[in-house]
Amino acid sequence: MSENDRPARPAPAKKPSTRKPVHDLRVQHFGFLLLNNFSLIALGAAVDPLRIANQVVGQTVYRYVLLSVDGGPVVSSDGIQLSVNHALADKIHFDTIFVVGPNPIPTRGIGGILDWLRRQANAGVALGGLDTGSYFLARAGLLNGHRCTIHWEDRDVILEYFPQLVLSNRIYEIDRQRYTCSGGIAPIDLMSRLISQPPGSEELAARVLELLLADRRGHDQQQRMSLRHYRGAEHTRLEEALHLMESNVEETLAVEEIANYLRVSSRQLERWFKARMGKTPVQAYQEIRLLRARQLLYRTGQSLSEICNNTGFASTTSFSNAYKRQFGISPIADRRRYHNAA
């Protein structure tokens, strides 16, 4: 029998692929509620990972729309106006809704928003807050018993109204169907975590971060809120000293106590501060306390005497004098200027 007369051999059967797909193609619907003076960077950092995930998968598996209370355009804190897709009254199904919070936080005229959020929660929708969005979930009673976070500048505001909250200083928190985030670019980290979970995958999340030129940060990453980050200090012991100061604002420590804790002499500690920060430990400590006081002035309704007590000053006179030397304006005038601008 010639080669041409032999029956053709059947093609070998293809082995089933063992590679896990990057997405199982179930479509997820996201809504982003924008409130006047919302954080534009937080919105972009949340939406772009979804857009890029769709690009990687090759089809729309993450759908997202923008909402406002009445369906009209909304102005961000940058002064940029955005059109939205829907009003709260529109009947739309969502898997997840994020409140993109404003700055400053309004405390009145938000009853309709809170009722709407409660209805969404009752319907089984996962709810999240970006930047100050956590405040609205807390006001609606939807963070009770959940770990949550908020931008570090507004930590005192939310605890003043809701002292029972389990509030962390992490960049984001995921606790069951509650997703809260500190704002800024941290929504990239939150959304990449959500994309890594079914129906997405770790591979998809990794590719999204690669295209965003972003490194993966875990939810245990702490927000950077300290003087040491503003000044770029790199000395490990100096970092420890500053952390001690930040953790003891109300009941202040003596320089000798900090030095003893670090097992160095007071003179050595003085030299480190002078060399790295150009100031004494006492000056750095006071600046930390004054920065804390400014947050309380801007973000809470505490009186001057309460703020004075909460930042370790002996009297309102000494506090006011130190504040004016640091910021060039009295505490009361600074608070008034901030709220008038807002």
# chains A, B, ... in the order shown; residues from 1 in each chain; ligands from 1
>>> closest_atom_pairs(of="region 297-329 of chain A", to="region 280-290 of chain A", cutoff="12 Å", atoms="only C-alpha atoms", output="tab-separated table")
residue	atom	partner	partner_atom	distance
A:Leu297	CA	A:Leu290	CA	10.3
A:Ile307	CA	A:Leu290	CA	9.9
A:Cys308	CA	A:Leu290	CA	9.6
A:Asn309	CA	A:Arg289	CA	10.9
A:Asn310	CA	A:Arg289	CA	9.1
A:Thr311	CA	A:Arg289	CA	5.5
A:Gly312	CA	A:Arg289	CA	7.4
A:Phe313	CA	A:Arg289	CA	8.7
A:Ser318	CA	A:Gln286	CA	11.6
A:Phe319	CA	A:Leu290	CA	8.4
A:Ser320	CA	A:Leu290	CA	9.9
A:Asn321	CA	A:Leu290	CA	11.0
A:Ala322	CA	A:Leu290	CA	7.9
A:Tyr323	CA	A:Leu290	CA	6.4
A:Lys324	CA	A:Leu290	CA	10.0
A:Arg325	CA	A:Leu290	CA	10.4
A:Gln326	CA	A:Glu287	CA	7.6
A:Phe327	CA	A:Leu290	CA	9.1
>>> select_by_dssp(residues="region 24-209 of chain A", states="alpha helix (DSSP H)", output="count of residues only")
63
>>> residues_around(residues="Gly145 (chain A)", least_positions_apart="6", cutoff="9 Å", atoms="only C-alpha atoms", output="list in words")
Gln164, Leu165 and Val166 of chain A
>>> closest_residue(among="A:Thr252, A:Ser192, A:Pro199, A:Asp156", to="Gln295 (chain A)", atoms="only C-alpha atoms")
A:Asp156
>>> residues_around(residues="region 109-124 of chain A", least_positions_apart="5", cutoff="9 Å", atoms="only C-alpha atoms", output="list in words")
Val69, Leu88, Ala89, Phe94, Asp95, Ile97, Phe136, Leu137, Arg139, Ala140, Gly141, Leu142 and Gln177 of chain A
>>> write_last_selection(atoms="C-alpha atoms", output="JSON list (two decimals), in the first residue's frame")
[["chain", "number", "residue", "atom", "x", "y", "z"],
["A", 69, "VAL", "CA", -29.56, 63.59, 43.18],
["A", 88, "LEU", "CA", -31.69, 58.78, 42.08],
["A", 89, "ALA", "CA", -35.34, 58.42, 41.10],
["A", 94, "PHE", "CA", -26.82, 47.98, 40.63],
["A", 95, "ASP", "CA", -24.49, 45.42, 42.13],
["A", 97, "ILE", "CA", -22.91, 51.83, 44.50],
["A", 136, "PHE", "CA", -23.07, 59.39, 54.27],
["A", 137, "LEU", "CA", -23.08, 55.62, 54.85],
["A", 139, "ARG", "CA", -25.34, 58.84, 58.68],
["A", 140, "ALA", "CA", -27.64, 56.27, 57.07],
["A", 141, "GLY", "CA", -26.69, 53.74, 59.76],
["A", 142, "LEU", "CA", -25.11, 51.45, 57.18],
["A", 177, "GLN", "CA", -20.84, 44.43, 51.49]]
>>> select_by_dssp(residues="region 64-251 of chain A", states="strand (DSSP E)", output="NGL selection string")
:A and (64-68 or 74-75 or 81-82 or 86-87 or 96-100 or 126-130 or 147-148 or 166-167 or 172-175 or 178-181)
>>> atom_distance(atom1="CA of His29 (chain A)", atom2="CA of Val75 (chain A)")
23.8 Å
>>> closest_residue(among="A:Ala206, A:Ile188, A:Val65, A:Ile158", to="Gly44 (chain A)", atoms="only C-alpha atoms")
A:Ile188
>>> residues_around(residues="region 51-61 of chain A", least_positions_apart="4", cutoff="6 Å", atoms="only C-alpha atoms", output="number ranges by chain")
A: 25, 27, 208
>>> residues_around(residues="Arg176 (chain A)", least_positions_apart="4", cutoff="10 Å", atoms="only C-alpha atoms", output="list of chain:residue names")
A:Ala126, A:Leu127, A:His146, A:Arg147
>>> closest_residue(among="A:Gln197, A:Ser168, A:Thr317, A:Ser266", to="Ala254 (chain A)", atoms="only C-alpha atoms")
A:Ser266
>>> atom_distance(atom1="CA of Ile80 (chain A)", atom2="CA of Ala214 (chain A)")
25.3 Å
>>> closest_residue(among="A:Leu296, A:Asn36, A:His93, A:Val47", to="Pro73 (chain A)", atoms="only C-alpha atoms")
A:Asn36
>>> closest_residue(among="A:Ala42, A:Leu34, A:Leu269, A:Ile105", to="His339 (chain A)", atoms="only C-alpha atoms")
A:Ile105
>>> residues_around(residues="Asn169 (chain A)", least_positions_apart="3", cutoff="9 Å", atoms="only C-alpha atoms", output="list in words")
Cys148, Thr149, Ile150, His151, Trp152, Arg155, Tyr172, Ser182, Asp220, Gln221, Gln222 and Gln223 of chain A
>>> write_last_selection(atoms="N, CA, C and O atoms", output="PDB file, in the first residue's frame")
ATOM      1  N   CYS A 148     -14.427  50.309  58.779  1.00  0.00           N
ATOM      2  CA  CYS A 148     -14.507  51.324  57.736  1.00  0.00           C
ATOM      3  C   CYS A 148     -13.342  52.281  57.860  1.00  0.00           C
ATOM      4  O   CYS A 148     -12.585  52.255  58.842  1.00  0.00           O
ATOM      5  N   THR A 149     -13.195  53.136  56.863  1.00  0.00           N
ATOM      6  CA  THR A 149     -12.160  54.161  56.886  1.00  0.00           C
ATOM      7  C   THR A 149     -12.675  55.397  56.171  1.00  0.00           C
ATOM      8  O   THR A 149     -13.732  55.367  55.530  1.00  0.00           O
ATOM      9  N   ILE A 150     -11.926  56.479  56.296  1.00  0.00           N
ATOM     10  CA  ILE A 150     -12.251  57.758  55.668  1.00  0.00           C
ATOM     11  C   ILE A 150     -10.953  58.519  55.535  1.00  0.00           C
ATOM     12  O   ILE A 150      -9.947  58.167  56.173  1.00  0.00           O
ATOM     13  N   HIS A 151     -10.929  59.555  54.704  1.00  0.00           N
ATOM     14  CA  HIS A 151      -9.722  60.367  54.569  1.00  0.00           C
ATOM     15  C   HIS A 151      -9.297  60.877  55.940  1.00  0.00           C
ATOM     16  O   HIS A 151     -10.117  61.285  56.754  1.00  0.00           O
ATOM     17  N   TRP A 152      -7.980  60.851  56.205  1.00  0.00           N
ATOM     18  CA  TRP A 152      -7.501  61.158  57.551  1.00  0.00           C
ATOM     19  C   TRP A 152      -7.910  62.556  58.014  1.00  0.00           C
ATOM     20  O   TRP A 152      -8.079  62.791  59.215  1.00  0.00           O
ATOM     21  N   ARG A 155     -11.302  62.208  59.808  1.00  0.00           N
ATOM     22  CA  ARG A 155     -11.427  61.176  60.847  1.00  0.00           C
ATOM     23  C   ARG A 155     -12.149  61.722  62.079  1.00  0.00           C
ATOM     24  O   ARG A 155     -13.031  61.080  62.636  1.00  0.00           O
ATOM     25  N   TYR A 172      -8.005  51.619  52.584  1.00  0.00           N
ATOM     26  CA  TYR A 172      -9.365  51.160  52.271  1.00  0.00           C
ATOM     27  C   TYR A 172      -9.724  50.002  53.178  1.00  0.00           C
ATOM     28  O   TYR A 172      -8.861  49.371  53.786  1.00  0.00           O
ATOM     29  N   SER A 182     -10.199  55.885  51.539  1.00  0.00           N
ATOM     30  CA  SER A 182      -9.740  57.176  52.047  1.00  0.00           C
ATOM     31  C   SER A 182      -9.732  58.273  50.991  1.00  0.00           C
ATOM     32  O   SER A 182      -9.663  59.451  51.334  1.00  0.00           O
ATOM     33  N   ASP A 220      -3.950  46.847  54.401  1.00  0.00           N
ATOM     34  CA  ASP A 220      -3.335  47.205  55.669  1.00  0.00           C
ATOM     35  C   ASP A 220      -2.402  48.400  55.552  1.00  0.00           C
ATOM     36  O   ASP A 220      -1.852  48.870  56.549  1.00  0.00           O
ATOM     37  N   GLN A 221      -2.240  48.925  54.327  1.00  0.00           N
ATOM     38  CA  GLN A 221      -1.427  50.128  54.129  1.00  0.00           C
ATOM     39  C   GLN A 221      -2.063  51.300  54.872  1.00  0.00           C
ATOM     40  O   GLN A 221      -3.244  51.602  54.710  1.00  0.00           O
ATOM     41  N   GLN A 222      -1.278  51.969  55.704  1.00  0.00           N
ATOM     42  CA  GLN A 222      -1.781  53.101  56.478  1.00  0.00           C
ATOM     43  C   GLN A 222      -1.751  54.384  55.647  1.00  0.00           C
ATOM     44  O   GLN A 222      -0.897  54.559  54.777  1.00  0.00           O
ATOM     45  N   GLN A 223      -2.694  55.282  55.919  1.00  0.00           N
ATOM     46  CA  GLN A 223      -2.679  56.579  55.270  1.00  0.00           C
ATOM     47  C   GLN A 223      -1.489  57.384  55.778  1.00  0.00           C
ATOM     48  O   GLN A 223      -1.142  57.316  56.951  1.00  0.00           O
TER      49      GLN A 223
END
>>> closest_residue(among="A:Val157, A:Leu253, A:Ile185, A:Ala46", to="Gln302 (chain A)", atoms="only C-alpha atoms")
A:Val157
